[in-house]
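Novice: Handing you this structure, nothing more for now.
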Number of protein chains: 2
Amino acid sequence: MADKIFRINMTTLSTTVEDIPPAWAGHGGRGLTSTIVAAEVPPTCHPLGPNNKLVIAPGLLSGTPAANSGRLSIGAKSPLTGTIKESNAGGTAAQLLARCGCKAIILEGCPAGDSWYNLAVNPDGVTINIESDLAGKGNFELINTLANRLSSKQGIITIGLAGEMKMTAANISIKDPDGHLRSAGRGGLGAVMGSKRVKFISIDPKDGKVAIADPEKFKAANKIFSKALVDHPVSQGLGQYGTNVLVNIINESGGLPTRNFTAGQFAGHDKISGETMYDKIMERGGKPKHGCHPGCVIQCSQIYNDINKNYKTSGFEYESIWAMGADCGVDNLDHIAEADSLMDDLGLDTIETSVAMGVAMEAGVLAFGDGAGICRILKDEVGKGTGLGRIIGGGAASVGRAFGVTRVPVVKNQAIPAYDPRSIKGMGITYATSTQGADHTMGYSVATNILKVGGSVDPLSKVGQVELSRNLQIATAAIDSTGMCLFIAFAALDDTTCLPALIDMINARFGINLTGDDVVNLGKYILKTEKAFNEAAGFTKADDRLPEFFNYEPLPPHNVVWDFTGEEIDSFWNF
Amino acid sequence: MADKIFRINMTTLSTTVEDIPPAWAGHGGRGLTSTIVAAEVPPTCHPLGPNNKLVIAPGLLSGTPAANSGRLSIGAKSPLTGTIKESNAGGTAAQLLARCGCKAIILEGCPAGDSWYNLAVNPDGVTINIESDLAGKGNFELINTLANRLSSKQGIITIGLAGEMKMTAANISIKDPDGHLRSAGRGGLGAVMGSKRVKFISIDPKDGKVAIADPEKFKAANKIFSKALVDHPVSQGLGQYGTNVLVNIINESGGLPTRNFTAGQFAGHDKISGETMYDKIMERGGKPKHGCHPGCVIQCSQIYNDINKNYKTSGFEYESIWAMGADCGVDNLDHIAEADSLMDDLGLDTIETSVAMGVAMEAGVLAFGDGAGICRILKDEVGKGTGLGRIIGGGAASVGRAFGVTRVPVVKNQAIPAYDPRSIKGMGITYATSTQGADHTMGYSVATNILKVGGSVDPLSKVGQVELSRNLQIATAAIDSTGMCLFIAFAALDDTTCLPALIDMINARFGINLTGDDVVNLGKYILKTEKAFNEAAGFTKADDRLPEFFNYEPLPPHNVVWDFTGEEIDSFWNF
């Protein structure tokens with residue numbers, strides 16, 4: 001059975017199952033969400049109005065046994081950035097949707113009235129159910145409530161209170177195999193789902209399976225691919241310390257943005273590092289290794305317990321810990337874990353919201369270092385939708401506008417994550433040129449600037465950074481189409497067996513003959529499709545710039561500024 | 001003595017008096033502020049950072065006896081719109097600055113520290129004084145305090161608490177001959193002044209006078225000019241009922257935006273009309289006619305007393321009354337007067353703030369019709385800088401973003417004023433194409449669409465609207481350079497003696513020989529200079545569009561939508 005498009009119109013409360021237009025057939029994940037958004041969403045529409053569409057697509061390999069292939073792509077016009085947006089996450093939904101024969105969900109229109117809805121997906125299509133009683137519940141309570149109603153094997157895609165309130169820092173969460181949550185964090189897509197009044201999507205694949213054209217070839221390639229992933233030293237570091245292995249590394253480099261981007265090193269780095277976190281996890285009976293989806297061989301997630309050895313959070317990422325930690329001057333890992341848990345429950349992007357807290361600290365709303373204050377604001381202000389809560393829930397730029405702060409680390413209105421562009425210049429090029437606002441996952445130049453993966457480019461020099469970011473952004477766009485976790489990139493950059501094995505798996509899945517060039521061309525097509533959407537929405541070169549303060553505020557300890565010219569940045573697009 | 005540029009650098013706390021570059025010599029008012037901003041402000045700078053500049057310029061005829069020549073232009077990059085901005089107002093400052101030999105004030109840089117400053121201007125230049133004790137005071141208390149210190153003849157330019165808090169709806173106020181206030185309202189220029197930590201500017205012309213090259217010619221021309229103004233029927237309506245004469249007229253046309261732009265007529269129109277206001281003024285011992293600056297022969301301002309016959313407000317404009325009235329569903333003129341007074345005291349643009357209240361009403365923050373609620377929010381939230389207060393003080397788009405509202409009447413982030421573009425289509429072209437965001441004063445197509453001044457163009461038809469708005473915008477840019485009140489335009493459009501007399505006065509003032517063509521070319525130059533700044537700041541055709549909801553929500557009673565294509569709108573710039 002060929003995969004289908006599952007379309008839901010919330011204005012008319014009707015659903016259809018449609019054949020896939022030929023032009024979309026070769027796409028999955030980000031390639032498909034961006035293609036559909038570009039084809040069907042008017043670029044100048046209001047992101048929370050009836051003309052925006054939320055597109056949810058498993059990757060090309062989702063639902064197969066391919067290692068690390070469980071990422072789900074979610075796309076729309078972003079209410080945070082105004083650009084096209086794709087945000088992806090783990091959890092079980094991608095694999096389950098693929099097993100439903102669902103190539104993509106297209107969620108369009110906005111319903112009249114005050115009801116909230118569930119979309120129930122199975123291989124036959126989608127039914128729309130009123131579920132207003134579940135509105136107003138946090139993600140954790142919702143998941144627990146549904147655990148009593150649905151089989152534990154069903155997938156769940158949900159929004160928290162932030163998404164219901166259409167806050168532009170709202171994320172979309174996806175249930176993982178243990179009933180915890182993974183989040184498609186960036187760009188406020190939870191607000192788009194909220195604007196369509198869909199509280200959650202449930203996915204029941206029944207006995208659906210993904211067909212593989214050449215199972216033997218697939219199995220052989222997957223073996224090579226998995227070995228390349230497991231053997232890479234970065235994978236091993238990620239397995240032990242999680243992504244938070246980076247706190248000490250980035251601090252040492254002088255690129256750890258501290259106290260709202262006023263310094264590049266944080267005195268309290270050791271108290272929030274991956275090594276310290278590992279020790280606490282072991283002391284408290286947590287789990288240092290944990291996969292966010294079945295089939296992950298890297299297992300960078302973990303179970304972090306509180307001091308009483310009770311579960312507190314998982315998927316406790318470097319960027320979240322940096323944002324609530326160094327960027328807010330907080331060196332108490334338990335405060336950070338509490339805030340992480342609160343944001344997961346509210347359904348808030350931890351990067352956007354925490355960078356917003358850093359800007360609020362600069363504005364004097366609370367003091368740098370006040371981790372308890374962050375938790376209080378999340379609970380009493382954001383969770384209750386007060387004025388201050390809505391300012392914070394609108395993200396870093398929202399706080400900057402409300403309080404007249406000029407040091408606001410955003411590009412295209414989206415918060416800059418955990419790598420200062422002045423001292424890790426390759427990241428600055430990615431932030432400036434990304435089609436989606438500042439986002440480290442769009443082209444992770446840290447790999448080559450700091451981790452020396454895929455060669456070495458001096459992070460403090462401009463030389464080679466544009467080319468590096470370009471190559472990484474093209475490759476990333478292609479990887480984001482496969483359903484693969486981005487962390488396969490380390491092996492792909494250093495191990496010559498990795499990428500051919502990945503391509504062999506795609507070929508074996510569909511009975512086709514893609515080459516390496518095809519994959520590069522796919523990446524280029526995606527970036528150019530996304531850029532064309534943004535241009536039609538009114539974006540220009542002037543938007544491909546970092547905030548002005550990076551030009552005139554030197555960052556300690558290297559005391560460097562952002563010194564790329566506009567012309568140098570714009571040469572990114574020479575391909 | 002030739003006029004000079006008075007430059008104040010707040011970073012170094014130093015001032016200079018400079019000769020005028022030849023390219024600036026022929027400019028005044030908006031022509032000069034836009035020329036200087038375009039020359040000296042980096043288009044992509046942060047509007048509240050050290051690289052933005054606040055430019056204050058009297059018009060070409062300011063300080064002369066020319067009738068209605070008391071408008072002061074204030075320009076900068078706007079923190080509300082991100083575009084270049086000029087906002088002008090009456091009061092005595094323009095005339096007094098001209099008498100100081102000040103062609104323009106350029107206020108640049110930002111000081112370190114927490115002090116607040118006064119700039120004291122006299123014919124010798126500017127001194128900078130610390131006045132931190134006056135910070136935190138409302139405009140009325142500030143003016144009263146200064147009345148005890150300064151001669152009543154000194155001019156004062158001030159910001160209220162909104163400007164101190166850098167709210168993007170903050171205005172800049174200018175003392176009028178009676179010690180009341182006039183405001184340069186649009187675009188958040190008060191926040192720019194606040195970012196430079198200047199609480200007020202005082203102007204002491206001493207015995208300075210404006211020289212006139214040919215006094216006899218000037219006097220003769222002024223006589224013709226004044227007569228043209230006084231004789232025009234619109235001037236007479238303005239003198240009796242103020243600008244609020246328009247409530248009944250615009251309501252009758254079906255273009256009075258009501259309850260956040262969901263209808264074009266307001267059932268309570270009669271209770272807030274100019275006629276009703278006139279009756280109340282007369283009953284309560286107010287003044288129906290009042291000039292905002294010496295030499296005004298139209299006198300559209302008034303003194304509105306409360307029910308106890310105590311002074312409540314003046315300069316009680318149609319657009320303010322509409323915004324708090326019909327747009328918020330409030331039909332109590334005393335609530336509206338109270339809110340007007342509160343906004344004047346806080347230093348808030350009445351249009352931006354009141355349209356923001358309408359959006360907040362739609363979001364459920366308060367109910368439509370709750371005039372007392374508006375006053376409470378202004379006092380307890382905006383005035384105290386609470387979260388909700390900062391959201392409202394950020395203007396209509398800020399409220400829309402915070403609460404996820406899609407019906408947000410703004411162009412380039414600035415609130416649409418009192419004329420619905422669906423049923424007064426000429427205004428829609430002005431809102432869309434203006435270099436400064438939605439602003440009726442940029443090209444007042446109402447004149448010809450509704451008032452039948454300068455001919456007649458059907459307000460419900462697209463035919464002729466682009467050309468009308470183009471001609472009006474060009475003429476307005478030129479008028480805004482002279483120091484003239486925009487209300488001379490009615491006479492200029494209908495009375496063939498008016499414009500030649502105005503040009504004769506300029507020629508007599510400077511001993512030059514401008515022609516009518518020169519004036520048109522000046523207007524075109526200003527618009528194109530402003531557009532070039534905006535383009536360098538990243539604005540495109542996509543920004544020259546009305547919000548999407550105007551396209552799909554028909555406006556009662558005519559049940560019309562906004563139906564111009566992008567191509568039709570963009571033809572505005574074919575000159």
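So you can find residues: chains in the structure tokens are A, B, ... in the order shown, residues in each start at 1, and ligands are numbered from 1 in order.
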From stretch 151-365 of chain B, collect each residue whose DSSP state is strand (DSSP E) and return the set as JSON, numbers by chain.
Specialist: {"B": [155, 156, 157, 158, 172, 173, 174, 175, 181, 182, 183, 184, 198, 199, 200, 201, 202, 203, 287, 288, 289, 290, 301, 302, 303, 304, 305, 311, 312, 313, 314]}
Novice: Counting only C-alpha atoms, collect the residues of chain B whose closest atom lies at most 9 Å from chain A, and write them out as a PyMOL selection string.
Specialist: chain B and resi 44-49+79+165-168+191+195+386-391+393-394+398+401-407+535-543+547-549
Novice: Determine the nearest neighbour of B:Gly113 from the options B:Gln95, B:Ser183, B:Ser132, B:Asn308, counting only C-alpha atoms.
Specialist: B:Ser132
Novice: Residues of stretch 151-395 of chain B in alpha helix (DSSP H) according to DSSP, as a VMD selection string?
Specialist: chain B and resid 161 to 164 189 to 195 215 to 231 233 to 241 246 to 253 274 to 283 318 to 324 333 to 346 350 to 362 371 to 376 387 to 393
Novice: Which residues are close to stretch 239-243 of chain A, i.e. within 10 Å by only C-alpha atoms, leaving aside same-chain residues fewer than 3 positions away? Reply as a PDB file with N, CA and C atoms, in the first residue's frame.
Specialist:
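To be explicit, this is the file written out as result-v3.pdb:
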```
ATOM      1  N   VAL A 230      28.116   3.817  16.474  1.00  0.00           N
ATOM      2  CA  VAL A 230      28.548   3.374  17.800  1.00  0.00           C
ATOM      3  C   VAL A 230      30.039   3.622  18.017  1.00  0.00           C
ATOM      4  N   PRO A 233      33.870   8.478  18.564  1.00  0.00           N
ATOM      5  CA  PRO A 233      34.117   8.938  19.938  1.00  0.00           C
ATOM      6  C   PRO A 233      33.081   9.941  20.448  1.00  0.00           C
ATOM      7  N   VAL A 234      32.535  10.779  19.566  1.00  0.00           N
ATOM      8  CA  VAL A 234      31.518  11.731  20.048  1.00  0.00           C
ATOM      9  C   VAL A 234      30.259  10.984  20.477  1.00  0.00           C
ATOM     10  N   SER A 235      29.903   9.939  19.749  1.00  0.00           N
ATOM     11  CA  SER A 235      28.736   9.131  20.150  1.00  0.00           C
ATOM     12  C   SER A 235      28.952   8.584  21.549  1.00  0.00           C
ATOM     13  N   GLN A 236      30.185   8.167  21.811  1.00  0.00           N
ATOM     14  CA  GLN A 236      30.456   7.561  23.118  1.00  0.00           C
ATOM     15  C   GLN A 236      30.379   8.609  24.227  1.00  0.00           C
ATOM     16  N   LEU A 246      29.022  19.026  26.760  1.00  0.00           N
ATOM     17  CA  LEU A 246      29.552  20.242  26.121  1.00  0.00           C
ATOM     18  C   LEU A 246      29.805  21.397  27.080  1.00  0.00           C
ATOM     19  N   VAL A 247      29.207  21.403  28.263  1.00  0.00           N
ATOM     20  CA  VAL A 247      29.372  22.583  29.128  1.00  0.00           C
ATOM     21  C   VAL A 247      30.849  22.898  29.341  1.00  0.00           C
ATOM     22  N   SER A 273      27.968  20.894  34.768  1.00  0.00           N
ATOM     23  CA  SER A 273      28.572  20.178  33.635  1.00  0.00           C
ATOM     24  C   SER A 273      27.989  18.770  33.494  1.00  0.00           C
ATOM     25  N   GLY A 274      28.267  18.161  32.350  1.00  0.00           N
ATOM     26  CA  GLY A 274      27.842  16.786  32.107  1.00  0.00           C
ATOM     27  C   GLY A 274      28.457  15.823  33.104  1.00  0.00           C
ATOM     28  N   GLU A 275      29.696  16.089  33.491  1.00  0.00           N
ATOM     29  CA  GLU A 275      30.378  15.216  34.438  1.00  0.00           C
ATOM     30  C   GLU A 275      29.675  15.268  35.795  1.00  0.00           C
ATOM     31  N   THR A 276      29.350  16.458  36.245  1.00  0.00           N
ATOM     32  CA  THR A 276      28.632  16.607  37.519  1.00  0.00           C
ATOM     33  C   THR A 276      27.245  15.975  37.425  1.00  0.00           C
ATOM     34  N   MET A 277      26.597  16.201  36.317  1.00  0.00           N
ATOM     35  CA  MET A 277      25.265  15.617  36.117  1.00  0.00           C
ATOM     36  C   MET A 277      25.331  14.096  36.171  1.00  0.00           C
ATOM     37  N   TYR A 278      26.351  13.526  35.543  1.00  0.00           N
ATOM     38  CA  TYR A 278      26.532  12.064  35.550  1.00  0.00           C
ATOM     39  C   TYR A 278      26.662  11.563  36.988  1.00  0.00           C
ATOM     40  N   ASP A 279      27.481  12.257  37.785  1.00  0.00           N
ATOM     41  CA  ASP A 279      27.670  11.832  39.174  1.00  0.00           C
ATOM     42  C   ASP A 279      26.349  11.878  39.939  1.00  0.00           C
ATOM     43  N   LYS A 287      19.397   7.202  35.357  1.00  0.00           N
ATOM     44  CA  LYS A 287      19.921   6.408  34.243  1.00  0.00           C
ATOM     45  C   LYS A 287      20.753   7.335  33.371  1.00  0.00           C
ATOM     46  N   PRO A 288      22.041   7.066  33.208  1.00  0.00           N
ATOM     47  CA  PRO A 288      22.834   7.993  32.374  1.00  0.00           C
ATOM     48  C   PRO A 288      22.553   7.829  30.880  1.00  0.00           C
ATOM     49  N   LYS A 289      22.109   6.629  30.456  1.00  0.00           N
ATOM     50  CA  LYS A 289      21.862   6.392  29.026  1.00  0.00           C
ATOM     51  C   LYS A 289      20.403   6.042  28.804  1.00  0.00           C
ATOM     52  N   HIS A 290      19.821   6.608  27.784  1.00  0.00           N
ATOM     53  CA  HIS A 290      18.400   6.415  27.551  1.00  0.00           C
ATOM     54  C   HIS A 290      18.132   6.859  26.113  1.00  0.00           C
ATOM     55  N   GLY A 291      17.351   6.082  25.393  1.00  0.00           N
ATOM     56  CA  GLY A 291      17.070   6.439  24.004  1.00  0.00           C
ATOM     57  C   GLY A 291      15.731   7.139  23.889  1.00  0.00           C
ATOM     58  N   VAL A 297      21.019   4.005  18.881  1.00  0.00           N
ATOM     59  CA  VAL A 297      22.216   3.328  19.387  1.00  0.00           C
ATOM     60  C   VAL A 297      23.169   4.290  20.092  1.00  0.00           C
ATOM     61  N   ILE A 298      22.828   5.573  20.145  1.00  0.00           N
ATOM     62  CA  ILE A 298      23.698   6.560  20.812  1.00  0.00           C
ATOM     63  C   ILE A 298      23.217   6.795  22.249  1.00  0.00           C
ATOM     64  N   GLN A 299      21.904   6.962  22.431  1.00  0.00           N
ATOM     65  CA  GLN A 299      21.309   7.064  23.767  1.00  0.00           C
ATOM     66  C   GLN A 299      21.856   8.260  24.553  1.00  0.00           C
ATOM     67  N   CYS A 300      21.681   9.433  24.002  1.00  0.00           N
ATOM     68  CA  CYS A 300      22.198  10.643  24.657  1.00  0.00           C
ATOM     69  C   CYS A 300      21.239  11.154  25.726  1.00  0.00           C
ATOM     70  N   SER A 301      20.038  10.603  25.789  1.00  0.00           N
ATOM     71  CA  SER A 301      19.111  11.021  26.835  1.00  0.00           C
ATOM     72  C   SER A 301      19.476  10.311  28.139  1.00  0.00           C
ATOM     73  N   GLN A 302      18.788  10.684  29.190  1.00  0.00           N
ATOM     74  CA  GLN A 302      19.090  10.129  30.511  1.00  0.00           C
ATOM     75  C   GLN A 302      17.885  10.324  31.406  1.00  0.00           C
ATOM     76  N   GLY A 315      15.962  13.743  28.840  1.00  0.00           N
ATOM     77  CA  GLY A 315      16.266  14.593  27.691  1.00  0.00           C
ATOM     78  C   GLY A 315      16.758  15.948  28.163  1.00  0.00           C
ATOM     79  N   PHE A 316      17.662  15.860  29.132  1.00  0.00           N
ATOM     80  CA  PHE A 316      18.135  17.067  29.817  1.00  0.00           C
ATOM     81  C   PHE A 316      19.352  17.556  29.019  1.00  0.00           C
ATOM     82  N   GLU A 317      19.078  18.438  28.076  1.00  0.00           N
ATOM     83  CA  GLU A 317      20.061  18.749  27.046  1.00  0.00           C
ATOM     84  C   GLU A 317      21.024  19.865  27.435  1.00  0.00           C
ATOM     85  N   TYR A 318      22.176  19.823  26.797  1.00  0.00           N
ATOM     86  CA  TYR A 318      23.168  20.887  26.988  1.00  0.00           C
ATOM     87  C   TYR A 318      22.570  22.268  26.755  1.00  0.00           C
ATOM     88  N   GLU A 319      21.833  22.419  25.655  1.00  0.00           N
ATOM     89  CA  GLU A 319      21.358  23.772  25.334  1.00  0.00           C
ATOM     90  C   GLU A 319      20.369  24.275  26.383  1.00  0.00           C
ATOM     91  N   SER A 320      19.562  23.369  26.933  1.00  0.00           N
ATOM     92  CA  SER A 320      18.625  23.772  27.992  1.00  0.00           C
ATOM     93  C   SER A 320      19.402  24.141  29.257  1.00  0.00           C
ATOM     94  N   ILE A 321      20.354  23.290  29.606  1.00  0.00           N
ATOM     95  CA  ILE A 321      21.127  23.510  30.839  1.00  0.00           C
ATOM     96  C   ILE A 321      21.958  24.782  30.713  1.00  0.00           C
TER      97      ILE A 321
END
```
Novice: For atom CA of B:Gln265 and atom CA of B:Val446, determine how far apart the two atoms are, in Å to one decimal place.
Specialist: 16.2 Å
Novice: At a cut-off of 9 Å, using only C-alpha atoms, what residues contact B:Gly428? Leave out same-chain residues fewer than 3 positions from it and give the result as a PyMOL selection string.
Specialist: chain B and resi 419-425+431-433+438+445+465+546+562
Novice: With N, CA and C atoms retained, export the selected residues as a PDB file, in the first residue's frame.
Specialist:
```
ATOM      1  N   TYR B 419     -10.166  55.166  10.283  1.00  0.00           N
ATOM      2  CA  TYR B 419     -10.862  55.106   9.006  1.00  0.00           C
ATOM      3  C   TYR B 419     -10.676  53.703   8.455  1.00  0.00           C
ATOM      4  N   ASP B 420     -11.743  52.937   8.337  1.00  0.00           N
ATOM      5  CA  ASP B 420     -11.574  51.550   7.895  1.00  0.00           C
ATOM      6  C   ASP B 420     -11.188  51.499   6.418  1.00  0.00           C
ATOM      7  N   PRO B 421     -10.102  50.789   6.119  1.00  0.00           N
ATOM      8  CA  PRO B 421      -9.617  50.769   4.728  1.00  0.00           C
ATOM      9  C   PRO B 421     -10.502  49.995   3.778  1.00  0.00           C
ATOM     10  N   ARG B 422     -11.401  49.152   4.303  1.00  0.00           N
ATOM     11  CA  ARG B 422     -12.299  48.418   3.405  1.00  0.00           C
ATOM     12  C   ARG B 422     -13.339  49.334   2.804  1.00  0.00           C
ATOM     13  N   SER B 423     -13.812  50.303   3.596  1.00  0.00           N
ATOM     14  CA  SER B 423     -14.887  51.154   3.079  1.00  0.00           C
ATOM     15  C   SER B 423     -14.426  52.588   2.805  1.00  0.00           C
ATOM     16  N   ILE B 424     -13.173  52.903   3.131  1.00  0.00           N
ATOM     17  CA  ILE B 424     -12.586  54.174   2.699  1.00  0.00           C
ATOM     18  C   ILE B 424     -11.258  53.789   2.075  1.00  0.00           C
ATOM     19  N   LYS B 425     -11.342  53.305   0.855  1.00  0.00           N
ATOM     20  CA  LYS B 425     -10.227  52.574   0.263  1.00  0.00           C
ATOM     21  C   LYS B 425      -8.993  53.443   0.026  1.00  0.00           C
ATOM     22  N   TYR B 431      -2.295  53.718   4.200  1.00  0.00           N
ATOM     23  CA  TYR B 431      -1.765  52.854   5.265  1.00  0.00           C
ATOM     24  C   TYR B 431      -0.715  51.884   4.714  1.00  0.00           C
ATOM     25  N   ALA B 432      -1.038  51.293   3.563  1.00  0.00           N
ATOM     26  CA  ALA B 432      -0.176  50.243   3.018  1.00  0.00           C
ATOM     27  C   ALA B 432       1.159  50.794   2.534  1.00  0.00           C
ATOM     28  N   THR B 433       1.104  51.960   1.901  1.00  0.00           N
ATOM     29  CA  THR B 433       2.309  52.438   1.207  1.00  0.00           C
ATOM     30  C   THR B 433       3.106  53.449   2.012  1.00  0.00           C
ATOM     31  N   ALA B 438       1.004  52.492   9.322  1.00  0.00           N
ATOM     32  CA  ALA B 438      -0.348  53.023   9.155  1.00  0.00           C
ATOM     33  C   ALA B 438      -0.470  54.375   9.839  1.00  0.00           C
ATOM     34  N   SER B 445      -6.558  60.660   2.466  1.00  0.00           N
ATOM     35  CA  SER B 445      -7.501  60.432   1.372  1.00  0.00           C
ATOM     36  C   SER B 445      -8.946  60.646   1.784  1.00  0.00           C
ATOM     37  N   GLN B 465      -7.812  55.652  -6.436  1.00  0.00           N
ATOM     38  CA  GLN B 465      -7.318  55.741  -5.053  1.00  0.00           C
ATOM     39  C   GLN B 465      -5.786  55.806  -4.977  1.00  0.00           C
ATOM     40  N   LEU B 546      -1.884  45.348   3.861  1.00  0.00           N
ATOM     41  CA  LEU B 546      -2.738  45.392   5.043  1.00  0.00           C
ATOM     42  C   LEU B 546      -2.798  43.997   5.671  1.00  0.00           C
ATOM     43  N   TRP B 562     -11.110  44.313   1.653  1.00  0.00           N
ATOM     44  CA  TRP B 562      -9.966  44.996   1.028  1.00  0.00           C
ATOM     45  C   TRP B 562      -9.565  44.168  -0.178  1.00  0.00           C
TER      46      TRP B 562
END
```
Novice: If you take only C-alpha atoms and a cut-off of 10 Å, which residues of stretch 55-136 of chain A touch stretch 501-525 of chain A, and what are their nearest atom pairs and distances in Å to one decimal, in chain and number order, as a tab-separated table?
Specialist:
```
residue	atom	partner	partner_atom	distance
A:Leu60	CA	A:Ile506	CA	7.1
A:Leu61	CA	A:Ile506	CA	6.6
A:Thr64	CA	A:Arg509	CA	8.1
A:Pro65	CA	A:Met505	CA	10.0
A:Ala66	CA	A:Met505	CA	7.6
A:Ala67	CA	A:Leu502	CA	9.8
```
Novice: Export C-alpha atoms of the chosen residues as an mmCIF file, in the first residue's frame?
Specialist:
```cif
data_model
loop_
_atom_site.group_PDB
_atom_site.id
_atom_site.type_symbol
_atom_site.label_atom_id
_atom_site.label_comp_id
_atom_site.auth_asym_id
_atom_site.auth_seq_id
_atom_site.Cartn_x
_atom_site.Cartn_y
_atom_site.Cartn_z
ATOM 1 C CA LEU A 60 12.123 8.567 4.676
ATOM 2 C CA LEU A 61 13.403 5.790 6.934
ATOM 3 C CA THR A 64 12.071 0.820 9.465
ATOM 4 C CA PRO A 65 14.648 -0.884 11.708
ATOM 5 C CA ALA A 66 17.285 1.684 10.639
ATOM 6 C CA ALA A 67 19.245 2.848 13.662
#
```
Novice: Would you mind listing, for every residue of stretch 56-112 of chain A within 9 Å of stretch 526-532 of chain A, the two atoms forming the shortest contact and the distance between them in Å to one decimal, using only C-alpha atoms, sorted by chain and ascending residue number, as CSV?
Specialist:
```
residue,atom,partner,partner_atom,distance
A:Thr83,CA,A:Glu530,CA,8.2
A:Ile84,CA,A:Glu530,CA,6.2
A:Lys85,CA,A:Glu530,CA,8.3
```
Novice: Please produce a file of the residues just selected, as a CSV table (one decimal), in the first residue's frame, where the atoms kept are C-alpha atoms.
Specialist:
```
chain,number,residue,atom,x,y,z
A,83,THR,CA,9.8,32.3,8.4
A,84,ILE,CA,9.1,28.8,7.2
A,85,LYS,CA,9.9,26.4,10.0
```
Novice: Can you tell me which residues surround B:Gly383 at a distance of at most 8 Å, considering only C-alpha atoms, apart from same-chain residues fewer than 4 positions away, and format the answer as number ranges by chain?
Specialist: B: 161-162, 346, 378-379, 389
Novice: Take the residues from that selection and write them out as an mmCIF file, in the first residue's frame, keeping N, CA and C atoms.
Specialist:
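Heads up, here's the output in out.cif:
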```cif
data_model
loop_
_atom_site.group_PDB
_atom_site.id
_atom_site.type_symbol
_atom_site.label_atom_id
_atom_site.label_comp_id
_atom_site.auth_asym_id
_atom_site.auth_seq_id
_atom_site.Cartn_x
_atom_site.Cartn_y
_atom_site.Cartn_z
ATOM 1 N N LEU B 161 6.138 58.744 31.825
ATOM 2 C CA LEU B 161 6.627 57.456 32.325
ATOM 3 C C LEU B 161 6.753 56.427 31.204
ATOM 4 N N ALA B 162 5.873 56.501 30.222
ATOM 5 C CA ALA B 162 5.933 55.532 29.125
ATOM 6 C C ALA B 162 7.261 55.652 28.377
ATOM 7 N N LEU B 346 0.870 60.032 30.980
ATOM 8 C CA LEU B 346 1.860 58.958 30.863
ATOM 9 C C LEU B 346 2.767 59.152 29.654
ATOM 10 N N LEU B 378 -4.759 51.769 32.434
ATOM 11 C CA LEU B 378 -3.759 52.818 32.212
ATOM 12 C C LEU B 378 -3.065 53.192 33.519
ATOM 13 N N LYS B 379 -3.858 53.346 34.573
ATOM 14 C CA LYS B 379 -3.278 53.772 35.869
ATOM 15 C C LYS B 379 -2.491 52.660 36.539
ATOM 16 N N GLY B 389 0.781 45.954 31.557
ATOM 17 C CA GLY B 389 1.006 47.344 31.188
ATOM 18 C C GLY B 389 2.028 47.488 30.076
#
```
Novice: Would you kindly return, as number ranges by chain, each protein, DNA or RNA residue with an atom no farther than 8 Å from any atom of A:Lys206, considering only C-alpha atoms and excluding same-chain residues fewer than 3 positions away?
Specialist: A: 100, 122-123
Novice: Counting only C-alpha atoms, which of A:Gly464, A:Pro294, A:Gly101, A:Gly179 gets nearest to A:Asp207?
Specialist: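 Smallest separation from A:Asp207 among the options: A:Gly101.
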Novice: I'd like the neighbourhood of stretch 127-131 of chain A as a PyMOL selection string, where a residue qualifies if any of its atoms comes within 7 Å (using only C-alpha atoms), though same-chain residues fewer than 5 positions away should be ignored.
Specialist: chain A and resi 115-121
Novice: Do you have the atom CA of A:Cys102-atom CA of A:Phe6 distance handy?
Specialist: 6.5 Å
